[in-house]
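Student: Dropping the structure in here first, questions after.
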There are 2 protein chains.
Amino acid sequence: MPKNVFYAQSGGVTAVINASACGVLETARQYPEQFGTVFAGRDGILGALTEDLLDTSKETDAAIARLRHTPGGAFGSCRYKLKSDAARRRLLEVFAAHDVGYFFYNGGNDSMDTALKVAELARQEGVPLVTVGIPKTVDNDLAKTDCCPGFGSAAKYVATSMREAGFDVASMARTSTKIFVLEVMGRHAGWLTAACGLAAAAPGDAPHLLLFPEIPFAPEVFLPRVEAAVKAHGYCAIAVSEGLRDAAGNLLSSLGGQDAFGHAQLGGVGQSVAQLIQERLGHKYHWALADYLQRSARHIASQTDVDQAYAVGREAVLAARSGHNAVMPAIHRLSDAPYRWEITLVPLAEVANVERKMPREFITEDGFGVTEVCRRYLLPLLEGEAFPPFAQGLPDYARLTPPRAEKKLADFSVE
Amino acid sequence: MPKNVFYAQSGGVTAVINASACGVLETARQYPEQFGTVFAGRDGILGALTEDLLDTSKETDAAIARLRHTPGGAFGSCRYKLKSDAARRRLLEVFAAHDVGYFFYNGGNDSMDTALKVAELARQEGVPLVTVGIPKTVDNDLAKTDCCPGFGSAAKYVATSMREAGFDVASMARTSTKIFVLEVMGRHAGWLTAACGLAAAAPGDAPHLLLFPEIPFAPEVFLPRVEAAVKAHGYCAIAVSEGLRDAAGNLLSSLGGQDAFGHAQLGGVGQSVAQLIQERLGHKYHWALADYLQRSARHIASQTDVDQAYAVGREAVLAARSGHNAVMPAIHRLSDAPYRWEITLVPLAEVANVERKMPREFITEDGFGVTEVCRRYLLPLLEGEAFPPFAQGLPDYARLTPPRAEKKLADFSVE
C-alpha cells in the first residue's frame, strides 16, 4: 500500500529550490505503488503544524514541470524552528492523520537538524516514518556536500553583476565614480564574495579587492590597497560580504534586528566601506546592495545548479524508496575539469548544525582575493545557462495554487 | 576624398551604448570612399580635447562585432561639459589636425546640447564638419524620440528583478520579511520605476506600490497603502525612484555630493522608505539598491533595445552620408502591438537640453501605479532576449584596446 508524502521548503529560498521540489514531485509520481499523494506544507513546516497541507496531486504534470524554472518557494517557506518535542510530536500526529510515511525537508543546517530530530522521535515512538533531508542554501555552508543547490546560481548572478558593473565603472572612472562596492550575502562564510572574484578575466579587471567575513577588516591595510588600485587601474571595485567583521569580531554593519533564530539582520556594510573610502581617500563612490535579487535571479541561473537541485530532490525520493532513512543526498565531485559529479547519501547526523567554512587556502595570503584552487572549485558550479522561458519580455514563472487537503485534527496554535 | 570620423560616448554608460558604437563603426566601414579612419575619443569628449584619439581601424571586424553584446563604454565615457567656445574651438582644431569631417556624439540631453553648439560654431567659422547626435540614456528622458536606447534593457532588468524578488518575498513573508523595497534610477522622471510595474502579471503580484519622482511623497497616504497590501497579500513590495521628493520638493535622500553638472548624487532613499515603514508599522524589511547593475546588465538586455541602439548608430552614419547635419536619429513608433518602429531624423536644436517627462496619464490617479496606456508603451521596449555569449559560466564581453593615433598638436589642459 502506498504511503503519502510530506514535502516542505525551509529557510531562505533560492532561485532553484523549486527545481528540487520538481525533482521530488516528478519522481514520486513515477512510483504510485509506493508514493501516494504528495502534500506540500504551506509556508514550510508551519503547514504541517497547522495542518495546512497543499494537495499537489491536483496539479498537472505540466504545471509541476514549470517549477524547474521558477524562483522562490512555490509552496511558501518559513524561518521557524521546531523547538520542542511537543511540536515534533504534533508533526507526527498530522502525518499519521494524513497517512504520511515520507517526510522530505528541503533546507539548510537548521532544517537538517530538525529533520534529524523528527526522525529520531519517530524511531523512539515506533512510528514508521522515513525522513530525508534535501540540501539548499545560497550560503554554500552545508557539511558533507561538495556544494549546495542554490549557491551556483547566486554565484553566477553576483559574478556576472560584478563583471558588468566593472565594465561600467571602468569606462566612467576618469571623471566620475572611482569606487564601486557590491555587497553580497554571507554571514559567516565568504562563498559569494569569492564568487565575485570570478568576474575578473584579466589582471586589473574588477573586482580588485574582496572583503571576506573570514578575514578581520583592517582599514589601515585595506585603504592603501584601494588607493593602489585607483592609481593602477583608474578605479577600484570591491565585493564585500554582509558579515564583514573587525578584529574584535564586531560586525561592521547591523540593522539591529534579529531573525527567528537570533541571527542579526545584516545589511549596509557596503555603504560603510564606501563611505570610509570617501572620507579617507576622497574618492567618489557608488554601491549596490544585491539583497534578495542574488538569491532569486532565476533568469541567470547556472545549469549545473539547476541540474543538481533537481537531482537532490529526485534522489531523496529514490533513497526513501530503497529504504534509507535520516539521510541527505549530497553532491560528490568526481573531477574539476571536465566537471563530473554524482549523488551520494550522507547521514543527517553528520550534516545537522555543522557549518562548513571556506578553506583558508581559498583566500589569497593577503586576504583580498581568491586563489587558483578556489577558482577551480567555483568555476564548474556556474557552468551552463538555464534561461527560463520568457513572455512579453519577462521571465514566465509558474504560480501553483494547489488546494488544501481537508483538515482532520483540532487546531494547533504555533507560538 | 574620404574624411575621417570622430566618435565619442558621453555621460552614464548603458548596457547597449556599445551596440550604437558597433552600428557606427560597421556602417562607416561599408563606405570607405566617404569615411576614412574612425577615431574614438578615449574617455569620451576628453579624448578629443586632449588629442587622445583611439584608432579603431586597427580593430578587426570580428572585434567590432563583439561590441554589440558588451556593456559599458568600450572607449571610455565622461561626465564633462564643454563650457566655453574656447573648448569647442579646441575640438575643431583637433578635428582639423586629424582630417575629421564627421563628429558622432553618443549621449543624452547635455551631449546633444554640446553637439549642437559644436555644429553651430563650425558653421559660423566655415568649418566643413558634419555633426550627428546619437541618443543614449537609461533615463528615457530625451525629447523627440519615442524611447532612448539603454532604457529598454535597464527596464527589462529592473522589472525582472522585481518579479523575482517578489516571488522570493511572497514565499517567506509569513514568518520573515514583509516589506521589500527596490531603489531604481531616475532623478526626475519615473520611467524605470514605471518599468518595475510590469513585473506584476496578476492582481496582488509584486510590486504593490510605486514611488515616482513626479508624485510628491506623502507618508500619511503611503503608509496605509503599505498596511493594506500586507493585509491583503501578506507582504508589500515597493519600487522607488532615487529622485523621490516630498511636497516641498526636497529629495528624500541625498548623499550630499554633486556631479560635474551640479546634479546631486542620489542613493539610499530605498532604505529611508523601508525604515519609515518599520518605524511606523513595525514590519521587517529588506531593500535592494540596483545602482550600476541596472544600467550595465547586458546579460538580460532587451533585443528591441539592442536593435534600436545599433540602428541609431547606423542611421547616424547614413544621415551624415546623405548630407544631414546637426540632427539626431530618433525612434518613431508606428504601432504598439505588433510593435513596429522606424528611425527618423530630428534637429539637434529640438532635443538639446529638453527633458522629456513621463506623461501624467502613465501614472494611476492615486499616484502608486502604472496605467494601461503606460504598459502599452513600455512592454514592446522590453521585448526579446539578446543574451550575450557565455564562457566559463559568465558573459564573454569584448575588451578593445585600439592604439592611440599620433599626436599632432601641443598639449591642452582640461580644467
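In the C-alpha cells, chains take letters A, B, ... by order of appearance, with residues numbered from 1 within each chain and ligands from 1 in the order shown.
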For the structure I just gave you, how does DSSP split range 67-285 of chain A - specifically, which residues are strand (DSSP E)? Reply as an MDAnalysis selection string.

Tutor: chainID A and resid 100:107 130:135 179:184 209:211 236:241 285

Student: Please, could you write that set of residues out with C-alpha atoms as a PDB file, in the first residue's frame?

Tutor:
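The result, written out as again.pdb:
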```
ATOM      1  CA  VAL A 100       2.134  10.296   5.580  1.00  0.00           C
ATOM      2  CA  GLY A 101       5.006   7.817   5.577  1.00  0.00           C
ATOM      3  CA  TYR A 102       7.646  10.010   3.925  1.00  0.00           C
ATOM      4  CA  PHE A 103       8.954  13.383   5.071  1.00  0.00           C
ATOM      5  CA  PHE A 104      11.201  15.359   2.721  1.00  0.00           C
ATOM      6  CA  TYR A 105      12.653  18.521   4.243  1.00  0.00           C
ATOM      7  CA  ASN A 106      14.347  20.953   1.865  1.00  0.00           C
ATOM      8  CA  GLY A 107      16.587  23.375   3.712  1.00  0.00           C
ATOM      9  CA  VAL A 130      11.048   7.823   6.507  1.00  0.00           C
ATOM     10  CA  THR A 131      12.783  11.210   6.729  1.00  0.00           C
ATOM     11  CA  VAL A 132      15.121  12.520   4.060  1.00  0.00           C
ATOM     12  CA  GLY A 133      16.762  15.941   4.001  1.00  0.00           C
ATOM     13  CA  ILE A 134      17.270  17.855   0.745  1.00  0.00           C
ATOM     14  CA  PRO A 135      20.097  20.391   0.754  1.00  0.00           C
ATOM     15  CA  ILE A 179      34.966  53.346  -6.177  1.00  0.00           C
ATOM     16  CA  PHE A 180      32.314  50.701  -6.644  1.00  0.00           C
ATOM     17  CA  VAL A 181      31.222  48.408  -3.828  1.00  0.00           C
ATOM     18  CA  LEU A 182      28.910  45.433  -4.237  1.00  0.00           C
ATOM     19  CA  GLU A 183      27.533  43.960  -1.025  1.00  0.00           C
ATOM     20  CA  VAL A 184      26.656  40.275  -1.188  1.00  0.00           C
ATOM     21  CA  LEU A 209      39.514  43.658  -3.622  1.00  0.00           C
ATOM     22  CA  LEU A 210      37.320  41.133  -1.833  1.00  0.00           C
ATOM     23  CA  LEU A 211      36.321  41.592   1.794  1.00  0.00           C
ATOM     24  CA  CYS A 236      38.662  50.187  -7.560  1.00  0.00           C
ATOM     25  CA  ALA A 237      35.830  47.664  -7.480  1.00  0.00           C
ATOM     26  CA  ILE A 238      35.189  45.841  -4.229  1.00  0.00           C
ATOM     27  CA  ALA A 239      32.933  42.965  -3.222  1.00  0.00           C
ATOM     28  CA  VAL A 240      32.075  42.804   0.445  1.00  0.00           C
ATOM     29  CA  SER A 241      30.311  40.170   2.488  1.00  0.00           C
ATOM     30  CA  TYR A 285      31.725  56.096  -4.804  1.00  0.00           C
TER      31      TYR A 285
END
```

Student: If you count only C-alpha atoms, which residues fall within 10 Å of range 28-30 of chain B, apart from same-chain ones fewer than 3 positions away, as a ChimeraX atom specification?

Tutor: /B:4-5,22-25,33-38,57,61,313-314,316-318,321

Student: For the selection just defined, write its residues with C-alpha atoms to a file, as a short mmCIF file (atom, residue, chain, number, x, y, z; two decimals), in the first residue's frame.

Tutor:
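Result file is out24.cif:
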```
data_model
loop_
_atom_site.label_atom_id
_atom_site.label_comp_id
_atom_site.auth_asym_id
_atom_site.auth_seq_id
_atom_site.Cartn_x
_atom_site.Cartn_y
_atom_site.Cartn_z
CA ASN B 4 37.93 60.84 -41.01
CA VAL B 5 35.35 60.32 -38.29
CA CYS B 22 29.09 48.93 -33.35
CA GLY B 23 26.46 50.44 -35.65
CA VAL B 24 28.65 53.49 -36.29
CA LEU B 25 31.85 51.54 -36.91
CA GLU B 33 35.06 56.21 -50.21
CA GLN B 34 33.34 58.59 -47.80
CA PHE B 35 34.52 57.67 -44.32
CA GLY B 36 38.22 57.30 -43.55
CA THR B 37 39.62 56.31 -40.19
CA VAL B 38 37.14 56.27 -37.34
CA SER B 57 40.74 50.97 -37.87
CA ASP B 61 35.67 43.33 -37.94
CA GLY B 313 24.39 54.31 -34.64
CA ARG B 314 24.00 53.03 -38.16
CA ALA B 316 23.70 58.44 -37.79
CA VAL B 317 26.35 57.43 -40.28
CA LEU B 318 23.82 57.13 -43.10
CA ARG B 321 26.44 60.26 -45.68
#
```

Student: Among range 128-286 of chain B, which residues does DSSP mark as helix (DSSP H, G or I) when it is run on the backbone? Keep the chain and numbering as in the structure and answer as a ChimeraX atom specification.

Tutor: /B:151-172,191-199,219-233,269-281

Student: Pick out the chain A residues within 8 Å of chain B. Count only C-alpha atoms. Give them as a PyMOL selection string.

Tutor: chain A and resi 11-14+43+71-80+156+159-161+164-165+167-176+199+259+286-293+296-300+302+379-380+382-385+392-395

Student: For the atom pair CA of Phe222 in chain A and CA of Ala202 in chain A, what is the interatomic distance in Å to one decimal place?

Tutor: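 Distance between the two atoms: 21.8 Å.
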
Student: Suppose you want the space between CA of Arg280 in chain B and CA of Pro219 in chain B; what is it in Å?

Tutor: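 Between CA of Arg280 in chain B and CA of Pro219 in chain B the gap works out to 9.8 Å.
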
Student: Taking 4 positions as the minimum chain separation for residues in the same chain, which residues sit within 8 Å of range 332-349 of chain B when counting only C-alpha atoms? Answer as a list of chain:residue names.

Tutor: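 Neighbouring residues, sequence-local ones excluded: B:Met112, B:Asp113, B:Ala115, B:Leu116, B:Gly133, B:Lys144, B:Thr145, B:Asp146, B:Ala311, B:Val312, B:Glu315, B:Ala319, B:Ala326, B:Val327, B:Met328, B:Arg376, B:Tyr377, B:Pro380.
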
Student: Restricting it to N, CA and C atoms, dump the selection as a CSV table (one decimal), in the first residue's frame.

Tutor:
```csv
chain,number,residue,atom,x,y,z
B,112,MET,N,23.6,66.3,-26.4
B,112,MET,CA,23.0,66.8,-27.6
B,112,MET,C,23.2,68.4,-27.7
B,113,ASP,N,23.2,69.0,-26.5
B,113,ASP,CA,23.4,70.4,-26.5
B,113,ASP,C,24.8,70.7,-26.9
B,115,ALA,N,26.7,68.9,-28.8
B,115,ALA,CA,26.8,68.6,-30.3
B,115,ALA,C,26.3,69.8,-31.1
B,116,LEU,N,25.2,70.3,-30.6
B,116,LEU,CA,24.6,71.4,-31.3
B,116,LEU,C,25.5,72.6,-31.3
B,133,GLY,N,24.1,63.7,-33.6
B,133,GLY,CA,23.9,63.1,-32.2
B,133,GLY,C,23.4,61.7,-32.3
B,144,LYS,N,11.7,64.1,-28.5
B,144,LYS,CA,11.6,63.9,-29.9
B,144,LYS,C,11.9,62.5,-30.3
B,145,THR,N,12.1,61.6,-29.4
B,145,THR,CA,12.3,60.2,-29.7
B,145,THR,C,11.3,59.4,-28.8
B,146,ASP,N,10.7,58.3,-29.4
B,146,ASP,CA,9.7,57.6,-28.7
B,146,ASP,C,10.3,56.9,-27.4
B,311,ALA,N,20.7,50.5,-34.5
B,311,ALA,CA,20.1,51.3,-35.6
B,311,ALA,C,20.4,52.8,-35.5
B,312,VAL,N,20.4,53.4,-34.3
B,312,VAL,CA,20.6,54.8,-34.2
B,312,VAL,C,22.1,55.1,-34.6
B,315,GLU,N,22.2,54.6,-38.5
B,315,GLU,CA,21.5,55.7,-39.2
B,315,GLU,C,22.2,57.0,-39.0
B,319,ALA,N,22.9,59.2,-42.2
B,319,ALA,CA,22.4,60.6,-42.2
B,319,ALA,C,23.6,61.5,-42.7
B,326,ALA,N,23.7,68.4,-37.9
B,326,ALA,CA,23.0,68.8,-36.6
B,326,ALA,C,21.7,68.1,-36.4
B,327,VAL,N,21.7,66.8,-36.7
B,327,VAL,CA,20.5,66.0,-36.4
B,327,VAL,C,20.8,64.9,-35.5
B,328,MET,N,19.7,64.2,-35.1
B,328,MET,CA,19.8,63.0,-34.2
B,328,MET,C,18.8,62.0,-34.8
B,376,ARG,N,1.2,49.7,-22.3
B,376,ARG,CA,1.2,49.5,-23.7
B,376,ARG,C,2.5,50.2,-24.3
B,377,TYR,N,2.8,51.3,-23.7
B,377,TYR,CA,4.0,52.0,-24.2
B,377,TYR,C,5.3,51.2,-23.8
B,380,PRO,N,6.7,46.8,-25.4
B,380,PRO,CA,7.5,46.4,-26.5
B,380,PRO,C,9.0,46.7,-26.3
```

Student: Considering only C-alpha atoms, return as a VMD selection string whatever protein or nucleic-acid residues lie within 10 Å of Val373 in chain A, sequence-local ones (same chain, fewer than 4 positions apart) excluded.

Tutor: chain A and resid 361 to 363 377 to 378

Student: Hey, can you spit out that residue selection with N, CA and C atoms as a compact mmCIF listing (two decimals), in the first residue's frame?

Tutor:
```txt
# COMPACT_ATOMS: atom_id res chain seq x y z
N GLU A 361 42.80 28.22 2.41
CA GLU A 361 43.62 28.16 1.18
C GLU A 361 42.85 28.68 -0.04
N PHE A 362 41.56 28.93 0.11
CA PHE A 362 40.77 29.51 -0.99
C PHE A 362 40.97 31.02 -1.09
N ILE A 363 41.48 31.61 -0.01
CA ILE A 363 41.68 33.06 0.04
C ILE A 363 43.18 33.34 -0.09
N TYR A 377 37.56 25.25 -7.84
CA TYR A 377 36.36 24.76 -7.15
C TYR A 377 35.10 25.46 -7.66
N LEU A 378 35.16 26.76 -7.79
CA LEU A 378 33.95 27.54 -8.07
C LEU A 378 33.47 27.44 -9.52
```

Student: With only C-alpha atoms as the counted atoms, please give the residues lying no more than 8 Å from range 47-49 of chain B, apart from itself and same-chain residues fewer than 5 positions off, as a PyMOL selection string.

Tutor: chain B and resi 40-42+87+90-91+94-95+412+414

Student: With a distance cut-off of 12 Å and only C-alpha atoms, select the neighbouring residues of Glu125 in chain A, excluding the residue or stretch itself and same-chain residues fewer than 3 positions from it, and output the selection as a PyMOL selection string.

Tutor: chain A and resi 85+88-89+92-93+118-122+128-129

Student: What is the distance between CA of Leu223 in chain A and CA of His208 in chain A, in Å to one decimal?

Tutor: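 Atom-to-atom, CA of Leu223 in chain A to CA of His208 in chain A, that is 12.3 Å.
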